[in-house]
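Structure below is model.cif: mmCIF, C-alpha atoms, pLDDT in the B column; chains and numbers go by the auth columns.
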data_my_file
loop_
_atom_site.group_PDB
_atom_site.id
_atom_site.type_symbol
_atom_site.label_atom_id
_atom_site.label_comp_id
_atom_site.label_asym_id
_atom_site.label_seq_id
_atom_site.Cartn_x
_atom_site.Cartn_y
_atom_site.Cartn_z
_atom_site.B_iso_or_equiv
_atom_site.auth_seq_id
_atom_site.auth_asym_id
ATOM 1 C CA GLU A 1 -29.575 -13.952 0.639 81.00 1459 B
ATOM 2 C CA ASP A 2 -27.094 -15.178 3.253 93.00 1460 B
ATOM 3 C CA VAL A 3 -24.113 -16.687 1.419 94.00 1461 B
ATOM 4 C CA THR A 4 -22.617 -18.022 4.657 96.00 1462 B
ATOM 5 C CA LEU A 5 -25.321 -20.652 5.159 97.00 1463 B
ATOM 6 C CA PRO A 6 -24.593 -24.258 4.099 97.00 1464 B
ATOM 7 C CA THR A 7 -26.461 -25.241 0.945 96.00 1465 B
ATOM 8 C CA CYS A 8 -27.885 -28.429 -0.539 97.00 1466 B
ATOM 9 C CA ILE A 9 -29.554 -29.046 -3.894 96.00 1467 B
ATOM 10 C CA LYS A 10 -32.018 -31.673 -5.082 96.00 1468 B
ATOM 11 C CA VAL A 11 -31.133 -33.052 -8.515 96.00 1469 B
ATOM 12 C CA ASP A 12 -33.906 -34.557 -10.668 95.00 1470 B
ATOM 13 C CA PHE A 13 -33.125 -37.527 -12.926 93.00 1471 B
ATOM 14 C CA PRO A 14 -35.954 -37.608 -15.517 92.00 1472 B
ATOM 15 C CA HIS A 15 -35.035 -40.993 -17.014 90.00 1473 B
ATOM 16 C CA GLY A 16 -35.027 -43.115 -13.874 91.00 1474 B
ATOM 17 C CA THR A 17 -37.047 -46.233 -13.099 93.00 1475 B
ATOM 18 C CA ASP A 18 -39.001 -47.392 -10.084 91.00 1476 B
ATOM 19 C CA GLU A 19 -36.926 -49.636 -7.825 89.00 1477 B
ATOM 20 C CA LYS A 20 -39.693 -52.242 -7.428 90.00 1478 B
ATOM 21 C CA THR A 21 -41.579 -52.160 -10.717 92.00 1479 B
ATOM 22 C CA GLY A 22 -38.962 -50.962 -13.188 91.00 1480 B
ATOM 23 C CA GLU A 23 -41.497 -48.505 -14.589 93.00 1481 B
ATOM 24 C CA PRO A 24 -40.262 -45.081 -15.779 92.00 1482 B
ATOM 25 C CA LYS A 25 -39.998 -42.610 -12.915 93.00 1483 B
ATOM 26 C CA THR A 26 -38.306 -39.298 -12.231 93.00 1484 B
ATOM 27 C CA LEU A 27 -35.819 -39.840 -9.423 92.00 1485 B
ATOM 28 C CA ALA A 28 -34.195 -37.272 -7.168 93.00 1486 B
ATOM 29 C CA LYS A 29 -31.113 -37.157 -4.979 93.00 1487 B
ATOM 30 C CA SER A 30 -29.656 -34.483 -2.746 95.00 1488 B
ATOM 31 C CA TYR A 31 -26.102 -33.191 -3.043 96.00 1489 B
ATOM 32 C CA SER A 32 -24.253 -30.664 -0.906 97.00 1490 B
ATOM 33 C CA PRO A 33 -21.787 -28.552 -2.915 97.00 1491 B
ATOM 34 C CA VAL A 34 -18.208 -28.752 -1.672 97.00 1492 B
ATOM 35 C CA SER A 35 -17.550 -25.198 -2.849 97.00 1493 B
ATOM 36 C CA HIS A 36 -18.234 -22.139 -0.693 97.00 1494 B
ATOM 37 C CA PRO A 37 -21.837 -20.862 -1.001 96.00 1495 B
ATOM 38 C CA ALA A 38 -20.480 -17.413 -1.901 96.00 1496 B
ATOM 39 C CA THR A 39 -18.771 -18.777 -5.043 96.00 1497 B
ATOM 40 C CA GLU A 40 -20.169 -17.025 -8.108 94.00 1498 B
ATOM 41 C CA GLY A 41 -20.688 -18.491 -11.567 92.00 1499 B
ATOM 42 C CA HIS A 42 -20.398 -22.162 -10.625 93.00 1500 B
ATOM 43 C CA PHE A 43 -20.616 -24.683 -7.816 94.00 1501 B
ATOM 44 C CA ASP A 44 -18.725 -27.934 -7.283 96.00 1502 B
ATOM 45 C CA LEU A 45 -20.419 -31.257 -6.524 96.00 1503 B
ATOM 46 C CA LEU A 46 -18.811 -34.442 -5.252 95.00 1504 B
ATOM 47 C CA VAL A 47 -20.570 -37.278 -7.093 93.00 1505 B
ATOM 48 C CA LYS A 48 -19.984 -41.037 -7.213 88.00 1506 B
ATOM 49 C CA GLY A 49 -21.302 -42.650 -10.373 84.00 1507 B
ATOM 50 C CA TYR A 50 -22.512 -46.149 -9.477 81.00 1508 B
ATOM 51 C CA SER A 51 -23.612 -48.709 -12.068 79.00 1509 B
ATOM 52 C CA TRP A 52 -27.168 -48.158 -13.246 77.00 1510 B
ATOM 53 C CA ARG A 53 -29.975 -50.047 -11.464 86.00 1511 B
ATOM 54 C CA ASN A 54 -33.714 -49.689 -10.968 87.00 1512 B
ATOM 55 C CA GLY A 55 -34.314 -46.937 -8.434 86.00 1513 B
ATOM 56 C CA GLY A 56 -30.819 -45.489 -8.914 86.00 1514 B
ATOM 57 C CA GLY A 57 -28.564 -43.878 -11.463 87.00 1515 B
ATOM 58 C CA VAL A 58 -28.636 -40.215 -10.442 92.00 1516 B
ATOM 59 C CA GLY A 59 -24.883 -40.178 -9.835 91.00 1517 B
ATOM 60 C CA SER A 60 -24.127 -41.798 -13.199 90.00 1518 B
ATOM 61 C CA TYR A 61 -26.508 -39.352 -14.859 91.00 1519 B
ATOM 62 C CA LEU A 62 -24.470 -36.433 -13.509 93.00 1520 B
ATOM 63 C CA CYS A 63 -21.075 -38.017 -14.196 92.00 1521 B
ATOM 64 C CA ASP A 64 -22.019 -38.765 -17.806 91.00 1522 B
ATOM 65 C CA MET A 65 -23.085 -35.194 -18.589 92.00 1523 B
ATOM 66 C CA GLY A 66 -21.089 -33.347 -21.213 93.00 1524 B
ATOM 67 C CA VAL A 67 -20.319 -29.687 -21.772 93.00 1525 B
ATOM 68 C CA GLY A 68 -23.547 -27.916 -22.700 93.00 1526 B
ATOM 69 C CA ASP A 69 -25.847 -30.504 -21.090 93.00 1527 B
ATOM 70 C CA THR A 70 -28.327 -29.238 -18.524 93.00 1528 B
ATOM 71 C CA MET A 71 -29.895 -30.629 -15.376 92.00 1529 B
ATOM 72 C CA LEU A 72 -32.671 -29.510 -13.060 93.00 1530 B
ATOM 73 C CA GLY A 73 -31.426 -28.726 -9.575 93.00 1531 B
ATOM 74 C CA THR A 74 -33.518 -27.152 -6.824 96.00 1532 B
ATOM 75 C CA LEU A 75 -32.092 -25.401 -3.775 95.00 1533 B
ATOM 76 C CA LYS A 76 -33.364 -27.172 -0.683 95.00 1534 B
ATOM 77 C CA SER A 77 -34.585 -25.446 2.445 94.00 1535 B
ATOM 78 C CA GLU A 78 -32.050 -24.527 5.103 95.00 1536 B
ATOM 79 C CA ARG A 79 -30.893 -27.307 7.420 95.00 1537 B
ATOM 80 C CA ILE A 80 -31.612 -26.334 11.018 96.00 1538 B
ATOM 81 C CA MET A 81 -28.942 -27.495 13.425 97.00 1539 B
ATOM 82 C CA HIS A 82 -29.968 -27.091 17.048 96.00 1540 B
ATOM 83 C CA GLY A 83 -32.297 -24.205 16.341 95.00 1541 B
ATOM 84 C CA ASP A 84 -30.372 -22.310 13.672 97.00 1542 B
ATOM 85 C CA ALA A 85 -29.108 -22.832 10.116 97.00 1543 B
ATOM 86 C CA ALA A 86 -26.022 -20.696 10.694 97.00 1544 B
ATOM 87 C CA VAL A 87 -22.593 -22.174 11.424 98.00 1545 B
ATOM 88 C CA LEU A 88 -20.729 -18.883 11.895 98.00 1546 B
ATOM 89 C CA GLY A 89 -20.433 -17.151 15.233 97.00 1547 B
ATOM 90 C CA ARG A 90 -21.664 -20.169 17.216 98.00 1548 B
ATOM 91 C CA TRP A 91 -18.803 -22.481 18.204 98.00 1549 B
ATOM 92 C CA LYS A 92 -15.110 -22.203 19.026 98.00 1550 B
ATOM 93 C CA ASN A 93 -14.429 -25.886 18.404 98.00 1551 B
ATOM 94 C CA ILE A 94 -16.052 -27.843 15.572 98.00 1552 B
ATOM 95 C CA GLY A 95 -15.603 -31.554 14.946 98.00 1553 B
ATOM 96 C CA LEU A 96 -16.489 -33.071 11.566 98.00 1554 B
ATOM 97 C CA VAL A 97 -16.816 -36.858 11.235 98.00 1555 B
ATOM 98 C CA ALA A 98 -17.206 -37.978 7.622 98.00 1556 B
ATOM 99 C CA GLY A 99 -17.820 -41.449 6.278 98.00 1557 B
ATOM 100 C CA GLY A 100 -17.152 -41.720 2.522 95.00 1558 B
ATOM 101 C CA THR A 101 -19.296 -39.269 0.548 94.00 1559 B
ATOM 102 C CA GLY A 102 -20.444 -37.787 3.857 97.00 1560 B
ATOM 103 C CA ILE A 103 -17.443 -35.491 3.444 98.00 1561 B
ATOM 104 C CA ALA A 104 -19.377 -33.229 1.033 98.00 1562 B
ATOM 105 C CA PRO A 105 -21.526 -31.128 3.411 98.00 1563 B
ATOM 106 C CA LEU A 106 -18.787 -31.137 6.038 98.00 1564 B
ATOM 107 C CA LEU A 107 -16.148 -29.839 3.647 98.00 1565 B
ATOM 108 C CA GLN A 108 -18.449 -26.977 2.708 98.00 1566 B
ATOM 109 C CA ILE A 109 -18.910 -26.139 6.391 98.00 1567 B
ATOM 110 C CA ALA A 110 -15.147 -26.213 6.927 98.00 1568 B
ATOM 111 C CA ARG A 111 -14.720 -23.733 4.072 98.00 1569 B
ATOM 112 C CA ILE A 112 -17.416 -21.437 5.452 98.00 1570 B
ATOM 113 C CA VAL A 113 -15.856 -21.303 8.905 98.00 1571 B
ATOM 114 C CA LEU A 114 -12.198 -21.161 7.884 98.00 1572 B
ATOM 115 C CA GLU A 115 -12.752 -18.476 5.265 97.00 1573 B
ATOM 116 C CA SER A 116 -14.914 -16.231 7.441 97.00 1574 B
ATOM 117 C CA PRO A 117 -13.392 -12.780 8.058 96.00 1575 B
ATOM 118 C CA ASP A 118 -15.267 -12.381 11.347 96.00 1576 B
ATOM 119 C CA GLU A 119 -13.044 -12.125 14.408 96.00 1577 B
ATOM 120 C CA PHE A 120 -14.990 -14.784 16.325 96.00 1578 B
ATOM 121 C CA ASP A 121 -14.721 -17.340 13.533 97.00 1579 B
ATOM 122 C CA ARG A 122 -11.055 -16.600 12.852 96.00 1580 B
ATOM 123 C CA SER A 123 -10.231 -18.167 16.226 97.00 1581 B
ATOM 124 C CA THR A 124 -12.462 -21.226 15.711 98.00 1582 B
ATOM 125 C CA HIS A 125 -10.711 -24.575 15.357 98.00 1583 B
ATOM 126 C CA VAL A 126 -12.081 -27.198 12.940 98.00 1584 B
ATOM 127 C CA HIS A 127 -11.202 -30.876 13.402 98.00 1585 B
ATOM 128 C CA LEU A 128 -11.961 -33.228 10.500 98.00 1586 B
ATOM 129 C CA LEU A 129 -11.907 -37.025 10.699 98.00 1587 B
ATOM 130 C CA SER A 130 -12.424 -38.645 7.284 98.00 1588 B
ATOM 131 C CA ILE A 131 -13.066 -42.411 7.348 98.00 1589 B
ATOM 132 C CA ASN A 132 -12.883 -44.508 4.184 97.00 1590 B
ATOM 133 C CA ARG A 133 -12.337 -48.132 3.219 97.00 1591 B
ATOM 134 C CA ARG A 134 -9.083 -47.743 1.259 97.00 1592 B
ATOM 135 C CA GLU A 135 -6.623 -44.904 0.775 96.00 1593 B
ATOM 136 C CA GLN A 136 -7.681 -44.475 -2.859 95.00 1594 B
ATOM 137 C CA ASP A 137 -11.269 -44.062 -1.666 95.00 1595 B
ATOM 138 C CA ILE A 138 -10.521 -40.842 0.253 97.00 1596 B
ATOM 139 C CA LEU A 139 -12.725 -38.312 -1.485 95.00 1597 B
ATOM 140 C CA ALA A 140 -11.715 -34.652 -1.948 97.00 1598 B
ATOM 141 C CA ARG A 141 -8.347 -35.385 -0.338 97.00 1599 B
ATOM 142 C CA ASN A 142 -6.530 -32.759 -2.391 97.00 1600 B
ATOM 143 C CA ASP A 143 -9.082 -30.103 -1.389 97.00 1601 B
ATOM 144 C CA ILE A 144 -8.856 -31.132 2.260 98.00 1602 B
ATOM 145 C CA ASP A 145 -5.061 -31.126 2.349 98.00 1603 B
ATOM 146 C CA GLU A 146 -4.920 -27.799 0.508 98.00 1604 B
ATOM 147 C CA LEU A 147 -7.273 -26.269 3.065 98.00 1605 B
ATOM 148 C CA ALA A 148 -5.127 -27.686 5.879 98.00 1606 B
ATOM 149 C CA LEU A 149 -2.009 -26.090 4.387 98.00 1607 B
ATOM 150 C CA LYS A 150 -3.830 -22.779 4.125 98.00 1608 B
ATOM 151 C CA HIS A 151 -5.016 -22.903 7.757 98.00 1609 B
ATOM 152 C CA PRO A 152 -2.365 -25.002 9.555 97.00 1610 B
ATOM 153 C CA ASN A 153 -3.154 -23.682 13.027 97.00 1611 B
ATOM 154 C CA ARG A 154 -6.941 -24.002 12.812 98.00 1612 B
ATOM 155 C CA PHE A 155 -7.783 -26.935 10.526 98.00 1613 B
ATOM 156 C CA HIS A 156 -6.777 -30.289 11.977 98.00 1614 B
ATOM 157 C CA VAL A 157 -7.212 -33.321 9.692 98.00 1615 B
ATOM 158 C CA ALA A 158 -7.055 -37.058 10.388 98.00 1616 B
ATOM 159 C CA TYR A 159 -7.795 -40.013 8.127 98.00 1617 B
ATOM 160 C CA SER A 160 -8.783 -43.570 8.995 98.00 1618 B
ATOM 161 C CA LEU A 161 -9.002 -46.649 6.769 98.00 1619 B
ATOM 162 C CA THR A 162 -11.324 -49.557 7.505 97.00 1620 B
ATOM 163 C CA GLU A 163 -9.791 -52.128 5.161 95.00 1621 B
ATOM 164 C CA GLN A 164 -7.628 -54.683 6.916 91.00 1622 B
ATOM 165 C CA PRO A 165 -4.744 -54.894 6.741 93.00 1623 B
ATOM 166 C CA PRO A 166 -4.012 -51.251 5.925 91.00 1624 B
ATOM 167 C CA PRO A 167 -1.297 -50.327 3.403 91.00 1625 B
ATOM 168 C CA THR A 168 2.233 -51.007 4.631 91.00 1626 B
ATOM 169 C CA LYS A 169 3.219 -47.339 4.708 93.00 1627 B
ATOM 170 C CA TRP A 170 -0.095 -46.019 6.030 96.00 1628 B
ATOM 171 C CA ALA A 171 0.555 -43.563 8.881 95.00 1629 B
ATOM 172 C CA GLY A 172 -3.060 -42.652 9.689 97.00 1630 B
ATOM 173 C CA TYR A 173 -5.712 -44.308 11.841 98.00 1631 B
ATOM 174 C CA THR A 174 -7.363 -47.640 11.146 97.00 1632 B
ATOM 175 C CA GLY A 175 -10.899 -48.826 11.798 97.00 1633 B
ATOM 176 C CA ARG A 176 -14.424 -47.452 11.670 96.00 1634 B
ATOM 177 C CA GLY A 177 -14.015 -45.588 14.928 97.00 1635 B
ATOM 178 C CA SER A 178 -13.280 -45.916 18.640 98.00 1636 B
ATOM 179 C CA VAL A 179 -13.470 -43.827 21.781 98.00 1637 B
ATOM 180 C CA SER A 180 -9.717 -43.317 21.676 98.00 1638 B
ATOM 181 C CA MET A 181 -10.009 -42.105 18.075 98.00 1639 B
ATOM 182 C CA VAL A 182 -12.679 -39.619 19.165 98.00 1640 B
ATOM 183 C CA ARG A 183 -10.464 -38.229 21.893 98.00 1641 B
ATOM 184 C CA GLU A 184 -7.373 -38.000 19.685 98.00 1642 B
ATOM 185 C CA THR A 185 -8.924 -36.430 16.573 98.00 1643 B
ATOM 186 C CA LEU A 186 -11.924 -34.355 17.716 98.00 1644 B
ATOM 187 C CA PRO A 187 -12.371 -31.480 20.158 98.00 1645 B
ATOM 188 C CA LEU A 188 -13.147 -32.562 23.699 96.00 1646 B
ATOM 189 C CA PRO A 189 -16.719 -32.058 24.981 96.00 1647 B
ATOM 190 C CA THR A 190 -17.224 -28.849 26.938 94.00 1648 B
ATOM 191 C CA SER A 191 -20.020 -27.496 29.110 92.00 1649 B
ATOM 192 C CA ASP A 192 -19.922 -23.935 27.745 95.00 1650 B
ATOM 193 C CA GLY A 193 -21.820 -24.553 24.483 95.00 1651 B
ATOM 194 C CA GLN A 194 -18.723 -23.775 22.413 97.00 1652 B
ATOM 195 C CA THR A 195 -18.183 -27.266 20.967 98.00 1653 B
ATOM 196 C CA MET A 196 -20.150 -29.010 18.200 98.00 1654 B
ATOM 197 C CA VAL A 197 -19.547 -32.293 16.371 98.00 1655 B
ATOM 198 C CA LEU A 198 -21.267 -32.953 13.029 98.00 1656 B
ATOM 199 C CA VAL A 199 -21.526 -36.517 11.701 98.00 1657 B
ATOM 200 C CA CYS A 200 -22.358 -37.447 8.102 98.00 1658 B
ATOM 201 C CA GLY A 201 -22.270 -40.762 6.242 97.00 1659 B
ATOM 202 C CA THR A 202 -24.421 -43.808 5.650 96.00 1660 B
ATOM 203 C CA ASP A 203 -27.169 -44.613 8.144 95.00 1661 B
ATOM 204 C CA GLY A 204 -25.007 -47.341 9.670 97.00 1662 B
ATOM 205 C CA PHE A 205 -22.019 -45.018 9.945 98.00 1663 B
ATOM 206 C CA VAL A 206 -24.019 -42.301 11.687 98.00 1664 B
ATOM 207 C CA GLU A 207 -25.545 -44.893 14.026 98.00 1665 B
ATOM 208 C CA THR A 208 -22.086 -46.143 15.013 98.00 1666 B
ATOM 209 C CA TRP A 209 -20.956 -42.659 15.915 98.00 1667 B
ATOM 210 C CA GLY A 210 -24.083 -41.069 17.362 98.00 1668 B
ATOM 211 C CA GLY A 211 -27.013 -43.458 17.272 97.00 1669 B
ATOM 212 C CA PRO A 212 -29.739 -43.718 14.621 96.00 1670 B
ATOM 213 C CA VAL A 213 -31.535 -40.754 13.079 95.00 1671 B
ATOM 214 C CA GLY A 214 -35.297 -41.244 13.223 89.00 1672 B
ATOM 215 C CA ARG A 215 -38.158 -39.999 11.081 87.00 1673 B
ATOM 216 C CA ALA A 216 -41.133 -37.935 12.188 87.00 1674 B
ATOM 217 C CA PRO A 217 -44.473 -39.750 11.745 85.00 1675 B
ATOM 218 C CA THR A 218 -46.759 -38.711 8.879 83.00 1676 B
ATOM 219 C CA THR A 219 -50.427 -39.306 8.191 81.00 1677 B
ATOM 220 C CA ASP A 220 -50.081 -40.096 4.480 81.00 1678 B
ATOM 221 C CA GLY A 221 -47.363 -42.735 4.684 73.00 1679 B
ATOM 222 C CA SER A 222 -44.680 -40.481 3.191 75.00 1680 B
ATOM 223 C CA LYS A 223 -41.199 -40.177 4.630 78.00 1681 B
ATOM 224 C CA GLY A 224 -41.222 -37.699 7.496 79.00 1682 B
ATOM 225 C CA GLY A 225 -38.525 -35.235 8.412 83.00 1683 B
ATOM 226 C CA LYS A 226 -35.410 -36.395 10.207 88.00 1684 B
ATOM 227 C CA VAL A 227 -35.410 -36.514 14.004 92.00 1685 B
ATOM 228 C CA GLN A 228 -32.099 -36.456 15.871 96.00 1686 B
ATOM 229 C CA GLY A 229 -33.142 -38.863 18.600 93.00 1687 B
ATOM 230 C CA PRO A 230 -30.986 -39.648 21.650 96.00 1688 B
ATOM 231 C CA LEU A 231 -27.218 -39.531 21.393 98.00 1689 B
ATOM 232 C CA LEU A 232 -25.718 -43.016 21.456 98.00 1690 B
ATOM 233 C CA GLY A 233 -22.644 -44.665 19.992 98.00 1691 B
ATOM 234 C CA LEU A 234 -19.016 -43.598 20.176 98.00 1692 B
ATOM 235 C CA LEU A 235 -19.631 -39.913 20.835 98.00 1693 B
ATOM 236 C CA ALA A 236 -21.866 -40.688 23.812 98.00 1694 B
ATOM 237 C CA GLU A 237 -19.243 -43.111 25.131 98.00 1695 B
ATOM 238 C CA ALA A 238 -16.635 -40.356 24.787 98.00 1696 B
ATOM 239 C CA GLY A 239 -18.638 -37.987 26.994 98.00 1697 B
ATOM 240 C CA PHE A 240 -20.604 -35.847 24.555 98.00 1698 B
ATOM 241 C CA ASP A 241 -24.286 -35.099 25.054 97.00 1699 B
ATOM 242 C CA ALA A 242 -27.030 -34.568 22.462 97.00 1700 B
ATOM 243 C CA SER A 243 -26.672 -30.762 22.538 97.00 1701 B
ATOM 244 C CA GLN A 244 -23.082 -31.083 21.303 98.00 1702 B
ATOM 245 C CA VAL A 245 -23.725 -33.357 18.300 98.00 1703 B
ATOM 246 C CA PHE A 246 -25.702 -33.054 15.062 98.00 1704 B
ATOM 247 C CA LYS A 247 -26.358 -36.140 12.934 98.00 1705 B
ATOM 248 C CA TYR A 248 -27.000 -35.772 9.188 94.00 1706 B
#

Just give me the structure of the file as structure tokens.
Amino acid sequence: EDVTLPTCIKVDFPHGTDEKTGEPKTLAKSYSPVSHPATEGHFDLLVKGYSWRNGGGVGSYLCDMGVGDTMLGTLKSERIMHGDAAVLGRWKNIGLVAGGTGIAPLLQIARIVLESPDEFDRSTHVHLLSINRREQDILARNDIDELALKHPNRFHVAYSLTEQPPPTKWAGYTGRGSVSMVRETLPLPTSDGQTMVLVCGTDGFVETWGGPVGRAPTTDGSKGGKVQGPLLGLLAEAGFDASQVFKY
């Protein structure tokens, strides 16, 4: 088992209800641990517990669990990013663009790269841009800042708030994103295959930054696998091409 590959688990909520009918239904939601995959004995999840509603409630189910409670979580198949699930030994410059809870898989990737003992990875620079509505909404900020202190020369962090006006003493960026923000906070596009930008957030957030993620057609009407589609949005405007960006 390769403990340097990013992981994701599917959590089953046995007491859910159908969004349309309200009938009992087992629901499922995917979560990427924010801890390193090599961590033994436990893993850490970043979960937002929203108010219960038909078709939802997985987050509240997890947040309401007590010591000794159990859940069913299944390890999902590896996520293939441009032909490979690995993130080590591939890029010298990595950009991570996170919208809200989209920080979870990206924080795990930052840990994997920054904590790798391999000589190639030890010279890789990771640039994280975390975008949230308000300052108090910045998720995992303590973990991010701690990682930045531990790797001051390789982990470059920027925050942006979308709420207007921003707090009086706010020294970070403002807004959902812009070409100038791309150029100031992320690695510049290169033609040598050594730069990759990963984008994770809501569908609308990802579309703003890189264009929509499509779905492969199916014959049974079920939801097909994700398809990257053409690169659009802010990253395309900033000069990146599809080979340099992966959209979650």

### Query
Can you list what the PyMOL selection byres ((chain B and resi 1619) around 8) grabs from this structure, as an MDAnalysis selection string?
chainID B and resid 1589:1593 1617:1618 1620:1621 1624 1630:1634

#### Entry: Explicit residue set for the PyMOL selection byres ((chain B and resi 1570) around 9), as a list of chain:residue names
B:Thr1462, B:Leu1463, B:Pro1464, B:His1494, B:Pro1495, B:Ala1496, B:Val1545, B:Leu1546, B:Leu1565, B:Gln1566, B:Ile1567, B:Ala1568, B:Arg1569, B:Val1571, B:Leu1572, B:Glu1573, B:Ser1574

### Query
In Å, with one decimal, what is the gap from atom CA of Val1664 of chain B to atom CA of Asp1601 of chain B?
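A separation of 23.3 Å between them.
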
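What separates atom CA of Arg1511 of chain B from atom CA of Ala1562 of chain B is a distance of 23.5 Å.
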
### Query
atom CA of Tyr1706 of chain B to atom CA of Pro1482 of chain B: how many Å, to one decimal?
29.8 Å

#### Entry: Selection near segment 1690-1692 of chain B, 10 Å with all atoms listed in the file, sequence-local residues under 5 positions removed, as a VMD selection string
chain B and resid 1635 to 1640 1664 to 1670 1697 to 1700

### Query
With all atoms listed in the file as the basis for distance, which of B:Leu1504, B:Gly1531, B:Tyr1519, B:Gly1662 is at the shortest distance from Ile1596 of chain B?
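The shortest atom-to-atom distance to Ile1596 of chain B comes from B:Leu1504.
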
### Target residues per the PyMOL selection byres ((chain B and resi 1489) around 12), formatted as a PyMOL selection string
chain B and resi 1464-1470+1486-1488+1490-1493+1501-1506+1516-1517+1520+1531-1534+1559-1564+1566

Could you turn the residues from that selection into a file that holds C-alpha atoms, as a PDB file, in the coordinates of the input?
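Just written: selection_20.pdb:
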ATOM      1  CA  PRO B1464     -24.593 -24.258   4.099  1.00 97.00           C
ATOM      2  CA  THR B1465     -26.461 -25.241   0.945  1.00 96.00           C
ATOM      3  CA  CYS B1466     -27.885 -28.429  -0.539  1.00 97.00           C
ATOM      4  CA  ILE B1467     -29.554 -29.046  -3.894  1.00 96.00           C
ATOM      5  CA  LYS B1468     -32.018 -31.673  -5.082  1.00 96.00           C
ATOM      6  CA  VAL B1469     -31.133 -33.052  -8.515  1.00 96.00           C
ATOM      7  CA  ASP B1470     -33.906 -34.557 -10.668  1.00 95.00           C
ATOM      8  CA  ALA B1486     -34.195 -37.272  -7.168  1.00 93.00           C
ATOM      9  CA  LYS B1487     -31.113 -37.157  -4.979  1.00 93.00           C
ATOM     10  CA  SER B1488     -29.656 -34.483  -2.746  1.00 95.00           C
ATOM     11  CA  SER B1490     -24.253 -30.664  -0.906  1.00 97.00           C
ATOM     12  CA  PRO B1491     -21.787 -28.552  -2.915  1.00 97.00           C
ATOM     13  CA  VAL B1492     -18.208 -28.752  -1.672  1.00 97.00           C
ATOM     14  CA  SER B1493     -17.550 -25.198  -2.849  1.00 97.00           C
ATOM     15  CA  PHE B1501     -20.616 -24.683  -7.816  1.00 94.00           C
ATOM     16  CA  ASP B1502     -18.725 -27.934  -7.283  1.00 96.00           C
ATOM     17  CA  LEU B1503     -20.419 -31.257  -6.524  1.00 96.00           C
ATOM     18  CA  LEU B1504     -18.811 -34.442  -5.252  1.00 95.00           C
ATOM     19  CA  VAL B1505     -20.570 -37.278  -7.093  1.00 93.00           C
ATOM     20  CA  LYS B1506     -19.984 -41.037  -7.213  1.00 88.00           C
ATOM     21  CA  VAL B1516     -28.636 -40.215 -10.442  1.00 92.00           C
ATOM     22  CA  GLY B1517     -24.883 -40.178  -9.835  1.00 91.00           C
ATOM     23  CA  LEU B1520     -24.470 -36.433 -13.509  1.00 93.00           C
ATOM     24  CA  GLY B1531     -31.426 -28.726  -9.575  1.00 93.00           C
ATOM     25  CA  THR B1532     -33.518 -27.152  -6.824  1.00 96.00           C
ATOM     26  CA  LEU B1533     -32.092 -25.401  -3.775  1.00 95.00           C
ATOM     27  CA  LYS B1534     -33.364 -27.172  -0.683  1.00 95.00           C
ATOM     28  CA  THR B1559     -19.296 -39.269   0.548  1.00 94.00           C
ATOM     29  CA  GLY B1560     -20.444 -37.787   3.857  1.00 97.00           C
ATOM     30  CA  ILE B1561     -17.443 -35.491   3.444  1.00 98.00           C
ATOM     31  CA  ALA B1562     -19.377 -33.229   1.033  1.00 98.00           C
ATOM     32  CA  PRO B1563     -21.526 -31.128   3.411  1.00 98.00           C
ATOM     33  CA  LEU B1564     -18.787 -31.137   6.038  1.00 98.00           C
ATOM     34  CA  GLN B1566     -18.449 -26.977   2.708  1.00 98.00           C
TER      35      GLN B1566
END

### Message
At a cut-off of 12 Å, using all atoms listed in the file, what residues contact Asn1551 of chain B? Leave out same-chain residues fewer than 3 positions from it and give the result as an NGL selection string.
### Response
:B and (1545-1548 or 1554 or 1568 or 1571-1572 or 1578-1586 or 1612-1614 or 1644-1648 or 1650-1656 or 1702-1703)

### Query
Around (-34.9, -49.6, -8.8) in the file's frame, which residues reach within 12 Å when counting all atoms listed in the file? Return as a VMD selection string?
chain B and resid 1473 to 1485 1509 to 1516

### Message
So, with all atoms listed in the file as the atoms that count, which of B:Val1657, B:Ala1629, B:Leu1689, B:Leu1607 lies closest to Gly1672 of chain B?
### Response
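So, comparing all the options, the nearest one is B:Leu1689.
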
### Message
My list of candidates is B:Gly1499, B:Val1525, B:Ser1588, B:Gly1683. Which is closest to Asp1603 of chain B when distances are computed with only C-alpha atoms?
### Response
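Checking each candidate against Asp1603 of chain B, we get B:Ser1588 as the closest.
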
Around segment 1584-1591 of chain B, fit a box with edges along x, y and z, padding it by 3 Å on each side, then list its centre and edge lengths in Å to one decimal as AutoDock Vina command-line options.
--center_x -12.1 --center_y -37.7 --center_z 8.3 --size_x 7.9 --size_y 26.9 --size_z 16.2

### Message
Which residue is closest to Pro1625 of chain B? Choose from B:Gln1594, B:Met1523, B:His1609, B:Tyr1508 and count all atoms listed in the file.
### Response
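Closest candidate: B:Gln1594.
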
### Task
Could you check which of B:Leu1693, B:Leu1597, B:Met1529, B:Val1461 is closest to Ala1543 of chain B, using all atoms listed in the file?
B:Val1461

#### Entry: Nearest to Leu1587 of chain B, chosen from B:Arg1537, B:Lys1608, B:Arg1599, B:Lys1681, with all atoms listed in the file counted in the distances
B:Arg1599
